[in-house]
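This report concerns only the one structure given below.
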6 protein chains.
Amino acid sequence: MDLASHPAVRRLITAALEEDVGHGDVTTRAALAPDLRATASVVAQAPCVVAGVSLAPLVYGELDPDLVVECLVSEGAAVCTGQAVVRVAGSAAAILAGERVILNLLQHLSGIATLTRRFVDAVAGSGAAIVDTRKTTPGLRLLEKHAVRAGGGVNHRLRLDDGVLIKNTHVALGGGTAAAVRRVRAAAPAGMSIQVECRSASEVEEALAAGADALLLDNQSVEEARALVRLVAGRAVVEISGGVTLANVAAYAATGAERISIGALTHSAPAVPLHLQIEPLA
Amino acid sequence: MDLASHPAVRRLITAALEEDVGHGDVTTRAALAPDLRATASVVAQAPCVVAGVSLAPLVYGELDPDLVVECLVSEGAAVCTGQAVVRVAGSAAAILAGERVILNLLQHLSGIATLTRRFVDAVAGSGAAIVDTRKTTPGLRLLEKHAVRAGGGVNHRLRLDDGVLIKNTHVALGGGTAAAVRRVRAAAPAGMSIQVECRSASEVEEALAAGADALLLDNQSVEEARALVRLVAGRAVVEISGGVTLANVAAYAATGAERISIGALTHSAPAVPLHLQIEPLA
Amino acid sequence: MDLASHPAVRRLITAALEEDVGHGDVTTRAALAPDLRATASVVAQAPCVVAGVSLAPLVYGELDPDLVVECLVSEGAAVCTGQAVVRVAGSAAAILAGERVILNLLQHLSGIATLTRRFVDAVAGSGAAIVDTRKTTPGLRLLEKHAVRAGGGVNHRLRLDDGVLIKNTHVALGGGTAAAVRRVRAAAPAGMSIQVECRSASEVEEALAAGADALLLDNQSVEEARALVRLVAGRAVVEISGGVTLANVAAYAATGAERISIGALTHSAPAVPLHLQIEPLA
Amino acid sequence: MDLASHPAVRRLITAALEEDVGHGDVTTRAALAPDLRATASVVAQAPCVVAGVSLAPLVYGELDPDLVVECLVSEGAAVCTGQAVVRVAGSAAAILAGERVILNLLQHLSGIATLTRRFVDAVAGSGAAIVDTRKTTPGLRLLEKHAVRAGGGVNHRLRLDDGVLIKNTHVALGGGTAAAVRRVRAAAPAGMSIQVECRSASEVEEALAAGADALLLDNQSVEEARALVRLVAGRAVVEISGGVTLANVAAYAATGAERISIGALTHSAPAVPLHLQIEPLA
Amino acid sequence: MDLASHPAVRRLITAALEEDVGHGDVTTRAALAPDLRATASVVAQAPCVVAGVSLAPLVYGELDPDLVVECLVSEGAAVCTGQAVVRVAGSAAAILAGERVILNLLQHLSGIATLTRRFVDAVAGSGAAIVDTRKTTPGLRLLEKHAVRAGGGVNHRLRLDDGVLIKNTHVALGGGTAAAVRRVRAAAPAGMSIQVECRSASEVEEALAAGADALLLDNQSVEEARALVRLVAGRAVVEISGGVTLANVAAYAATGAERISIGALTHSAPAVPLHLQIEPLA
Amino acid sequence: MDLASHPAVRRLITAALEEDVGHGDVTTRAALAPDLRATASVVAQAPCVVAGVSLAPLVYGELDPDLVVECLVSEGAAVCTGQAVVRVAGSAAAILAGERVILNLLQHLSGIATLTRRFVDAVAGSGAAIVDTRKTTPGLRLLEKHAVRAGGGVNHRLRLDDGVLIKNTHVALGGGTAAAVRRVRAAAPAGMSIQVECRSASEVEEALAAGADALLLDNQSVEEARALVRLVAGRAVVEISGGVTLANVAAYAATGAERISIGALTHSAPAVPLHLQIEPLA
């Protein structure tokens, strides 16, 4: 099932169109001849990594099945200023009715892909993966996780049901690391790996002793992280999170950790500037 | 109808919980005693303006109607680092199941409110209103427009059906400003004001002659904007948009324009840091 | 987005088909050969103004994408007895399964368009617009407002969020006209015009003094209305409502009021008679 | 499951509130103090039969669960001018937000109940039942059928799946009455009675010979209907439809037919006038 | 409206795909070339009666509108081991994404059709109909009732609103059989037949005296049933239920009862084995 | 989030009530006094393991929030014939309206739990886990997976997005085991374990060499399975599937495989018999 066929994506597009269009585009309905035909392009106004472009046929198809839509680049393509990424032709009124929704979607998702790519490039050669988190915009997780992949990142667990992450909270409320890991091992779905959050050497040792498959080193300095990775010595997969920026991500990657997870990929990526260029069809 | 009673908001909360929880929180179900009770607070980790706090009872009520939820501050309150904004008590498992959704919501909406407040403060005393746009995250417009109001901003039109904005595109495709305004005046719902996008003195004069109620000066320098506002001389409401930043917004406000609209309020506000502090109930 | 592409319209059509068809048309399934093909027309049984005809492809497409549907007249067309407005060809069973829904829709919406047209014709030459209200059938507002436009009427505000109407109730509960207008002016979205309900000369003066953009003269006799319009003297747009009938609407229009709003357009228009003529395809 | 618990009714109420309220009631939000409390009544402005009153708690509960709602009369009660049918107390803003939806619902459904009651009264003593049809407003069938019952009418089949009605169309397309009845008898769900539309004595005889349980005499004059009822002589239940008005319904009832069905009950009943009286709570 | 056009069926298919696919098929996305094309068949692994095959185009169309789907047998066809019932060609990834949903649907519905056919065959020549009940899987009634028809069975009432069945419970709580029948006769929709559950000769006589159209003999031995059928002597339609198995159904049918209803048709039919054979397209 | 708070579960319950109740329970509405109050119990008619009992408050709450519902046993409890599992008190009409939905749900889910428990008991002491599959009833996966857990089973992956299972199909279409594992390892979400289907010693060795975390031995005899488990020798988790019955499951468990997965748990478990005993409240 590709992105545009996914029921949750279709519901989101429908909701987005409905919240933007309401009873209809008063301006366009009045100002344009109803049978005016046009061609238009979504054009990048700054260099960026594109995500969401494959949704364009879905958005325009909802508005008017007779629009002809062409995706000019693939998901994850790096484009330059002035480059067109989608072309659409047909009813001018329908093209304008969808302008804002298509731009809002692509600006948001491409913003995430672009930021992800910058982090991925910053750790190139280190072997570390750039990983997202569950810190996504409510209702858009599927799309934002897709944008991270388009940017070259790797998805962390998608939901609370497809991965185990024992946080300090669980340890504190659940009677210690060993007990928590043991209980989870017995009750989790077959074959699910168990990750434990650690903030010190003793917590790392306790988690490893309890049989953790992966560790999450949260809010450690680069030096602390390096020491803990050395301590783990391959006994579990190591992920670093907290306080990671474009300025320090390479240093974190150089610690030897396999994964670096960054909430800002999805919660604070600024939109990339895109606009619609439209002209009448002779 | 307050925010938490709105059907669209309830649908969004339900979707957000469902996409985060899936079949259930594997970790918490296994690691915690099922009858463990706790109390928790959502705490600001940086100074910010809070929005979305009134949604907390809705989120927690969906998860477990027996949770007791208290909003500690009002929508739009400025809080300092370490200040708690929501308190919740009851099943520890239910509190943890909702942790990410409540934080994602509040971090996103408070990010918008905080950025809006910074712009509002920057133009204080000028008489200019800080106004949002339709450049919102797909599916979240109602909430994001609310967050702008919480930050002290003013809403622009909500949808394509509740306001007329004749853009250059409409003028180009529709046969000139005068024709477009005349057609819209005849066809738009009774009493709706008409705004026309202008990029030069001649366009301003043409729009005023055509009877525009408001003008949108898009992508003008401060000097150009000042000249055009002087030209309008109160004959229409003037709104400035495009290229407005915290660094230059005061200068734009000093031109005398009534409104300054900023897409970044909703499409590029970074999340504000919030976290959940939880402890067991004796 | 044309009417038939609107998500809310599609949901309504789906609900209407589902509530009418249930598990399936027992009679047709049993009585007709399953591969029988037919052609059918929706035919007016009285002169009327047609609305909703553009929904026919949507209704039939939901039932059977292979049906070929043709709209024979435009929205708002005046048709005579015996005139066909929609033609459909394909599976006889599918045509019959949709018969009642398509007729119910067109009879209802054409009833509204027809009544609207009678009011519009009655005030022809006066310059007054015939305007609808929020007194619509629950769930059908978008379609009924469309039918009013098809009949030549003008839409009043669509919802509580796209227009301000300060009624006597607000004045009574809110501390007087001036205070209410002032508060609304400060808090309403940018550029929204403010209408105030008035029932006397003093209320008119108070509303004008408070800066109302438009007045609603509710439940006034023709004479009273005429006097109040004269009093306003162009200082605000004037709308008349309450007690308007086909018999007196011309007199109200002659008062010089710009708008006459009539709840009965949408809440009491009788259905116009339409029926389906079907015959087998050789 | 009472009316207000029915999922389809709850969906309709939600849609009706959403289409009326949009982002919120701009006027009330600005004009009234947010904590103002009030009490209000829905009051009849003409004598009518009430239907839909049991929905009031649902509508108000959606808006604000703290509103206290009291239904003052039962479904189907005949009320006089000035009589209150619903009382509500609580947040003034919430009461006003729901005003239009509650009035639209009750005016529409009470209109149907009132018209039904007039027909029922007109045939009192004849033994004939007043029956509705599938000619209902799209999306409102369940509520409109309820309103008919509240008015004293009897429901005809609810959908195409819960009753068999072999119309002239089926006979024409399906190879004659006898063949159609035989096929339907074999294929319909167990125990479903079969009704056949007849327009002449020969059609009546053919339907009876084929084993019809009930006949529908469509578009017959009173005289024709009387002759056909006599011909049937109790061999099947007889229903009359087409051209029935308040003026002639008693004559049709006197023919001895068991049922008289009237599409206008649901497609053309004018709304009854109701309004909301609200006053602040001390 | 055929099965695949029914809104409720489309909703179920969408939900089934969504619950199975989640964010996407991780394995296929990684393991297969994205442009790999294949052809596949759904093949019976045991002799069975097929139901649900007409849903295949709907399932695959949701996943990828470019898949070409062919139904190789009709609903209700008896197929042998190794026989293909559906063929599909196109994107290998899309075919695999739908594999489990299409198999789960067809295995479940064909299981019901196959069991129904065995009961139907067991009573062949007796004149008794095999009838289903309301004991269906929640959410799947429409499809399961369809599968019963595909197997040669007859549907009992579909819902609580399209048939009257007065059970012992109603008699006990409602003041006796005669009172219950009388009240139902007055209040039920026009033309609905009334069935009464009976467990003894005296109950049968009471029900007949009250005017029941049909009787339900529940949990009677073959001998008891035979005696009661003889007692009824054609005065009402007789249905037998409770304790009916493939071993005794012929004996029950030989009692002369018109209908034998069996809950196990829908609540306990084992799935029939089907699998998907796929190979790459050259 | 407990089961009854899950949005997908609430949607299913709503759909189940709606498909069963339709416009309302004609029989009960007519036969019972509207204010009759009763108490009722859901009672097991055979020994079984109960699942779904925690949904009873949800079902009854949808019908009538005033019903008082008590769950008498926990999820997964083994009950004996005649034991009550749910008690409900309140409106007799509401209790009867929900009877079929509550019984259908509990009979189906308890059937799954009961069959699962029999398999679990059959392998007691072997250390092997009884695991479910994706062979669930469309739309009911969440509930059926819950029922498996209630029976003592362990869930396999929930969806295609939360686990990797490389089947023969993927190997055949994807260019061999090693290539498939390598590609999946690179592309799958962080930390997801990889399972490979194997049917021979050579396939096992190839999968292990490629780095599989788990193996699925499909359709092997007990002897073959034993040999393959010995070959694996702890280098990966081993799961057996295909042809497992209550008669041979212990033998399969004795091979030393960690998991035995059985599709019949969810696709062919017969319903367990439950009924409702109701009596009037004095």
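Each chain in the structure tokens gets a letter, A, B, ..., in the order shown, and its residues are numbered from 1; ligands are numbered from 1 in order too.
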
May I have the residues within 12 Å of F:Ser126 as a PyMOL selection string, using only C-alpha atoms and disregarding those fewer than 3 positions away in the same chain? chain F and resi 119-123+129-130+249-260

Contact residues (chain C, partner chain E, 9 Å, only C-alpha atoms) as a ChimeraX atom specification: /C:14-15,17-18,21-25,62-65,93-95,97-98

Could those selected residues go to a file with C-alpha atoms, as a compact mmCIF listing (two decimals), in the first residue's frame?
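Below you can see selection-v8.txt, which holds the result:
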# COMPACT_ATOMS: atom_id res chain seq x y z
CA THR C 14 -23.36 7.77 1.45
CA ALA C 15 -25.53 8.07 4.56
CA LEU C 17 -27.99 5.57 0.33
CA GLU C 18 -27.19 3.47 3.36
CA VAL C 21 -30.87 0.59 0.83
CA GLY C 22 -29.91 -1.24 4.04
CA HIS C 23 -28.77 -4.76 3.14
CA GLY C 24 -30.06 -4.35 -0.41
CA ASP C 25 -33.20 -3.91 -2.50
CA GLU C 62 -21.64 5.29 -5.43
CA LEU C 63 -24.10 2.61 -6.47
CA ASP C 64 -22.42 1.44 -9.63
CA PRO C 65 -19.42 3.12 -11.26
CA ALA C 93 -31.08 -2.80 -10.55
CA ALA C 94 -28.59 -0.05 -9.78
CA ILE C 95 -30.83 2.61 -11.29
CA ALA C 97 -31.62 1.22 -6.02
CA GLY C 98 -30.82 4.92 -6.35

For A:Val68: contacts at 8 Å, only C-alpha atoms, fewer than 2 positions along chain excluded, given as a count of residues only: 5

Identify, on the basis of only C-alpha atoms, every residue whose closest approach to B:Gly163 does not exceed 12 Å; exclude the query and any residue fewer than 3 positions from it along the same chain; express the result as a PDB file with N, CA and C atoms, in the first residue's frame.
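Once written, part-v5.pdb looks like this:
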ATOM      1  N   ASP A  20     -10.085  23.811   4.976  1.00  0.00           N
ATOM      2  CA  ASP A  20      -9.604  24.969   4.237  1.00  0.00           C
ATOM      3  C   ASP A  20     -10.651  25.511   3.282  1.00  0.00           C
ATOM      4  N   VAL A  21     -11.428  24.649   2.692  1.00  0.00           N
ATOM      5  CA  VAL A  21     -12.356  25.074   1.647  1.00  0.00           C
ATOM      6  C   VAL A  21     -13.720  25.465   2.222  1.00  0.00           C
ATOM      7  N   GLY A  22     -14.157  24.800   3.285  1.00  0.00           N
ATOM      8  CA  GLY A  22     -15.480  25.088   3.826  1.00  0.00           C
ATOM      9  C   GLY A  22     -16.543  24.919   2.757  1.00  0.00           C
ATOM     10  N   HIS A  23     -17.439  25.892   2.642  1.00  0.00           N
ATOM     11  CA  HIS A  23     -18.507  25.791   1.634  1.00  0.00           C
ATOM     12  C   HIS A  23     -17.995  26.047   0.217  1.00  0.00           C
ATOM     13  N   GLY A  24     -16.758  26.491   0.068  1.00  0.00           N
ATOM     14  CA  GLY A  24     -16.245  26.730  -1.283  1.00  0.00           C
ATOM     15  C   GLY A  24     -15.416  28.004  -1.322  1.00  0.00           C
ATOM     16  N   ASP A  25     -14.616  28.140  -2.356  1.00  0.00           N
ATOM     17  CA  ASP A  25     -13.707  29.283  -2.493  1.00  0.00           C
ATOM     18  C   ASP A  25     -14.485  30.465  -3.074  1.00  0.00           C
ATOM     19  N   VAL A  26     -14.934  31.328  -2.188  1.00  0.00           N
ATOM     20  CA  VAL A  26     -15.780  32.458  -2.590  1.00  0.00           C
ATOM     21  C   VAL A  26     -15.073  33.323  -3.631  1.00  0.00           C
ATOM     22  N   THR A  27     -13.809  33.567  -3.413  1.00  0.00           N
ATOM     23  CA  THR A  27     -13.074  34.469  -4.306  1.00  0.00           C
ATOM     24  C   THR A  27     -12.965  33.895  -5.710  1.00  0.00           C
ATOM     25  N   THR A  28     -12.476  32.685  -5.781  1.00  0.00           N
ATOM     26  CA  THR A  28     -12.262  32.083  -7.093  1.00  0.00           C
ATOM     27  C   THR A  28     -13.577  31.869  -7.828  1.00  0.00           C
TER      28      THR A  28
ATOM     29  N   THR B 133      -2.381  33.211   9.123  1.00  0.00           N
ATOM     30  CA  THR B 133      -2.694  32.946   7.716  1.00  0.00           C
ATOM     31  C   THR B 133      -3.358  31.576   7.608  1.00  0.00           C
ATOM     32  N   ARG B 134      -3.572  31.135   6.391  1.00  0.00           N
ATOM     33  CA  ARG B 134      -4.072  29.769   6.160  1.00  0.00           C
ATOM     34  C   ARG B 134      -2.924  28.772   6.029  1.00  0.00           C
ATOM     35  N   ASN B 155      -7.098  36.357  14.298  1.00  0.00           N
ATOM     36  CA  ASN B 155      -7.266  35.428  13.184  1.00  0.00           C
ATOM     37  C   ASN B 155      -7.597  36.152  11.882  1.00  0.00           C
ATOM     38  N   HIS B 156      -6.914  35.749  10.813  1.00  0.00           N
ATOM     39  CA  HIS B 156      -7.349  36.123   9.479  1.00  0.00           C
ATOM     40  C   HIS B 156      -8.510  35.203   9.119  1.00  0.00           C
ATOM     41  N   ARG B 157      -8.936  35.198   7.873  1.00  0.00           N
ATOM     42  CA  ARG B 157     -10.050  34.310   7.522  1.00  0.00           C
ATOM     43  C   ARG B 157      -9.681  32.876   7.844  1.00  0.00           C
ATOM     44  N   LEU B 158     -10.703  32.088   8.179  1.00  0.00           N
ATOM     45  CA  LEU B 158     -10.485  30.724   8.621  1.00  0.00           C
ATOM     46  C   LEU B 158     -10.414  29.765   7.452  1.00  0.00           C
ATOM     47  N   ARG B 159     -11.163  30.064   6.442  1.00  0.00           N
ATOM     48  CA  ARG B 159     -11.309  29.160   5.302  1.00  0.00           C
ATOM     49  C   ARG B 159     -11.481  29.988   4.040  1.00  0.00           C
ATOM     50  N   LEU B 160     -11.588  29.334   2.924  1.00  0.00           N
ATOM     51  CA  LEU B 160     -11.838  30.015   1.662  1.00  0.00           C
ATOM     52  C   LEU B 160     -13.268  30.519   1.552  1.00  0.00           C
ATOM     53  N   ILE B 166      -8.587  38.697  -3.037  1.00  0.00           N
ATOM     54  CA  ILE B 166      -8.299  38.652  -4.475  1.00  0.00           C
ATOM     55  C   ILE B 166      -6.794  38.799  -4.650  1.00  0.00           C
ATOM     56  N   VAL B 184     -16.932  39.686  -7.622  1.00  0.00           N
ATOM     57  CA  VAL B 184     -16.976  39.147  -6.267  1.00  0.00           C
ATOM     58  C   VAL B 184     -18.040  39.871  -5.446  1.00  0.00           C
ATOM     59  N   ARG B 185     -18.117  41.189  -5.602  1.00  0.00           N
ATOM     60  CA  ARG B 185     -19.119  41.950  -4.853  1.00  0.00           C
ATOM     61  C   ARG B 185     -20.517  41.406  -5.133  1.00  0.00           C
ATOM     62  N   ALA B 188     -20.493  37.209  -3.660  1.00  0.00           N
ATOM     63  CA  ALA B 188     -20.082  36.766  -2.327  1.00  0.00           C
ATOM     64  C   ALA B 188     -21.262  36.859  -1.357  1.00  0.00           C
ATOM     65  N   PRO B 189     -21.198  36.082  -0.294  1.00  0.00           N
ATOM     66  CA  PRO B 189     -22.242  36.169   0.730  1.00  0.00           C
ATOM     67  C   PRO B 189     -22.430  37.608   1.212  1.00  0.00           C
ATOM     68  N   ALA B 190     -23.634  37.901   1.635  1.00  0.00           N
ATOM     69  CA  ALA B 190     -23.991  39.236   2.083  1.00  0.00           C
ATOM     70  C   ALA B 190     -23.057  39.735   3.177  1.00  0.00           C
ATOM     71  N   GLY B 191     -22.473  40.897   2.992  1.00  0.00           N
ATOM     72  CA  GLY B 191     -21.745  41.542   4.078  1.00  0.00           C
ATOM     73  C   GLY B 191     -20.291  41.161   4.203  1.00  0.00           C
ATOM     74  N   MET B 192     -19.769  40.398   3.263  1.00  0.00           N
ATOM     75  CA  MET B 192     -18.387  39.960   3.372  1.00  0.00           C
ATOM     76  C   MET B 192     -17.459  41.037   2.813  1.00  0.00           C
ATOM     77  N   SER B 193     -16.398  41.374   3.569  1.00  0.00           N
ATOM     78  CA  SER B 193     -15.497  42.413   3.085  1.00  0.00           C
ATOM     79  C   SER B 193     -14.520  41.837   2.066  1.00  0.00           C
ATOM     80  N   ILE B 194     -14.033  42.691   1.179  1.00  0.00           N
ATOM     81  CA  ILE B 194     -13.197  42.262   0.054  1.00  0.00           C
ATOM     82  C   ILE B 194     -11.800  42.844   0.190  1.00  0.00           C
ATOM     83  N   GLN B 195     -10.809  41.945   0.194  1.00  0.00           N
ATOM     84  CA  GLN B 195      -9.417  42.362   0.300  1.00  0.00           C
ATOM     85  C   GLN B 195      -8.713  42.062  -1.027  1.00  0.00           C
ATOM     86  N   VAL B 196      -7.827  42.975  -1.443  1.00  0.00           N
ATOM     87  CA  VAL B 196      -7.130  42.815  -2.721  1.00  0.00           C
ATOM     88  C   VAL B 196      -5.622  42.889  -2.483  1.00  0.00           C
ATOM     89  N   ASP B 213     -12.301  46.788   0.272  1.00  0.00           N
ATOM     90  CA  ASP B 213     -12.425  47.176   1.684  1.00  0.00           C
ATOM     91  C   ASP B 213     -11.076  47.111   2.388  1.00  0.00           C
ATOM     92  N   ALA B 214     -10.217  46.220   1.898  1.00  0.00           N
ATOM     93  CA  ALA B 214      -8.908  46.041   2.545  1.00  0.00           C
ATOM     94  C   ALA B 214      -7.889  45.693   1.480  1.00  0.00           C
TER      95      ALA B 214
ATOM     96  N   ARG C 157     -24.600  34.666   6.486  1.00  0.00           N
ATOM     97  CA  ARG C 157     -23.450  33.948   7.022  1.00  0.00           C
ATOM     98  C   ARG C 157     -23.750  32.450   7.053  1.00  0.00           C
ATOM     99  N   LEU C 158     -22.705  31.653   6.909  1.00  0.00           N
ATOM    100  CA  LEU C 158     -22.851  30.216   6.806  1.00  0.00           C
ATOM    101  C   LEU C 158     -22.886  29.566   8.178  1.00  0.00           C
ATOM    102  N   ASP C 161     -19.216  31.329  12.872  1.00  0.00           N
ATOM    103  CA  ASP C 161     -17.835  31.799  12.910  1.00  0.00           C
ATOM    104  C   ASP C 161     -17.469  32.722  11.755  1.00  0.00           C
ATOM    105  N   ASP C 162     -18.383  32.951  10.834  1.00  0.00           N
ATOM    106  CA  ASP C 162     -18.002  33.740   9.672  1.00  0.00           C
ATOM    107  C   ASP C 162     -18.803  35.027   9.526  1.00  0.00           C
ATOM    108  N   GLY C 163     -19.448  35.425  10.595  1.00  0.00           N
ATOM    109  CA  GLY C 163     -20.171  36.675  10.543  1.00  0.00           C
ATOM    110  C   GLY C 163     -20.615  37.024  11.955  1.00  0.00           C
ATOM    111  N   PRO C 189     -12.450  38.048  14.123  1.00  0.00           N
ATOM    112  CA  PRO C 189     -11.392  37.937  13.117  1.00  0.00           C
ATOM    113  C   PRO C 189     -11.278  39.228  12.311  1.00  0.00           C
ATOM    114  N   ALA C 190     -10.096  39.446  11.792  1.00  0.00           N
ATOM    115  CA  ALA C 190      -9.788  40.655  11.045  1.00  0.00           C
ATOM    116  C   ALA C 190     -10.747  40.825   9.872  1.00  0.00           C
ATOM    117  N   GLY C 191     -11.362  41.991   9.766  1.00  0.00           N
ATOM    118  CA  GLY C 191     -12.129  42.310   8.568  1.00  0.00           C
ATOM    119  C   GLY C 191     -13.564  41.840   8.549  1.00  0.00           C
ATOM    120  N   MET C 192     -14.040  41.305   9.657  1.00  0.00           N
ATOM    121  CA  MET C 192     -15.405  40.796   9.675  1.00  0.00           C
ATOM    122  C   MET C 192     -16.379  41.946   9.948  1.00  0.00           C
ATOM    123  N   SER C 193     -17.462  42.029   9.146  1.00  0.00           N
ATOM    124  CA  SER C 193     -18.408  43.120   9.369  1.00  0.00           C
ATOM    125  C   SER C 193     -19.374  42.762  10.500  1.00  0.00           C
TER     126      SER C 193
END

Taking the chain letters and numbering used in this document, name the residues of stretch 144-196 of chain D that DSSP puts in strand (DSSP E or B), as a PyMOL selection string. chain D and resi 154+164-166+194-196

Output file for the selection above: all heavy atoms, as a compact mmCIF listing (two decimals), in the first residue's frame:
# COMPACT_ATOMS: atom_id res chain seq x y z
N VAL D 154 -48.23 5.61 11.27
CA VAL D 154 -47.61 4.29 11.30
C VAL D 154 -46.51 4.29 10.24
O VAL D 154 -46.66 4.87 9.18
CB VAL D 154 -48.67 3.21 10.99
CG1 VAL D 154 -48.01 1.85 10.75
CG2 VAL D 154 -49.68 3.13 12.13
N VAL D 164 -41.22 -5.74 0.86
CA VAL D 164 -41.26 -5.93 -0.59
C VAL D 164 -42.40 -5.09 -1.15
O VAL D 164 -43.54 -5.19 -0.68
CB VAL D 164 -41.48 -7.41 -0.96
CG1 VAL D 164 -41.74 -7.56 -2.46
CG2 VAL D 164 -40.29 -8.24 -0.51
N LEU D 165 -42.09 -4.24 -2.10
CA LEU D 165 -43.12 -3.49 -2.81
C LEU D 165 -42.83 -3.63 -4.31
O LEU D 165 -41.88 -3.04 -4.83
CB LEU D 165 -43.10 -2.02 -2.39
CG LEU D 165 -44.04 -1.09 -3.16
CD1 LEU D 165 -45.44 -1.66 -3.26
CD2 LEU D 165 -44.09 0.29 -2.51
N ILE D 166 -43.64 -4.45 -4.96
CA ILE D 166 -43.47 -4.68 -6.40
C ILE D 166 -44.24 -3.58 -7.14
O ILE D 166 -45.47 -3.55 -7.12
CB ILE D 166 -43.97 -6.07 -6.80
CG1 ILE D 166 -43.19 -7.14 -6.03
CG2 ILE D 166 -43.86 -6.28 -8.30
CD1 ILE D 166 -43.67 -8.56 -6.28
N ILE D 194 -45.51 -9.39 0.99
CA ILE D 194 -45.30 -8.87 -0.37
C ILE D 194 -46.46 -7.97 -0.76
O ILE D 194 -47.62 -8.37 -0.71
CB ILE D 194 -45.18 -10.05 -1.36
CG1 ILE D 194 -43.92 -10.87 -1.04
CG2 ILE D 194 -45.15 -9.55 -2.80
CD1 ILE D 194 -43.70 -12.03 -1.98
N GLN D 195 -46.09 -6.74 -1.14
CA GLN D 195 -47.10 -5.78 -1.55
C GLN D 195 -46.91 -5.50 -3.05
O GLN D 195 -45.79 -5.43 -3.54
CB GLN D 195 -46.92 -4.47 -0.76
CG GLN D 195 -47.98 -3.42 -1.05
CD GLN D 195 -47.87 -2.21 -0.12
OE1 GLN D 195 -46.79 -1.93 0.40
NE2 GLN D 195 -48.96 -1.52 0.11
N VAL D 196 -48.03 -5.35 -3.76
CA VAL D 196 -47.97 -5.13 -5.21
C VAL D 196 -48.75 -3.86 -5.56
O VAL D 196 -49.88 -3.68 -5.10
CB VAL D 196 -48.55 -6.33 -5.98
CG1 VAL D 196 -48.51 -6.09 -7.50
CG2 VAL D 196 -47.79 -7.60 -5.63

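Across the structure, atom CA of E:Thr136 and atom CA of E:Thr266 are spaced 5.3 Å apart.
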
Compile the contact shell of F:Ala207 as a ChimeraX atom specification: residues with an atom at most 12 Å away, counting only C-alpha atoms, same-chain residues fewer than 6 positions apart removed. /F:165-168,171,176-182,194-201,213-217,232,235-238

Residues of stretch 116-247 of chain C classed as alpha helix (DSSP H) by DSSP on the backbone are to be reported as a ChimeraX atom specification. /C:116-122,141-150,168-174,177-187,201-210,222-232

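Every protein, DNA or RNA residue with an atom at most 9 Å from C:Val50, where only C-alpha atoms count and chain neighbours fewer than 4 positions away do not, is listed here: Val73, Ser74, Glu75, Gly76, Ala77, Ala78, Val79, Val85, Leu106, Gln107, Leu109, Ser110, Gly111, Ala113, Thr114, Ala147, Ala150 and Gly151 of chain C.
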
Neighbour list for B:Gly242 as a ChimeraX atom specification, cut-off 8 Å, only C-alpha atoms, skip fewer than 5 positions in-chain: /B:218-220,261-262

Those same residues - C-alpha atoms - I'd like them written as a tab-separated table (two decimals), in the first residue's frame.
chain	number	residue	atom	x	y	z
B	218	ASP	CA	2.70	41.42	-0.11
B	219	ASN	CA	6.50	41.20	-0.13
B	220	GLN	CA	7.16	44.93	0.18
B	261	SER	CA	0.20	38.68	8.81
B	262	ILE	CA	2.88	36.05	9.35
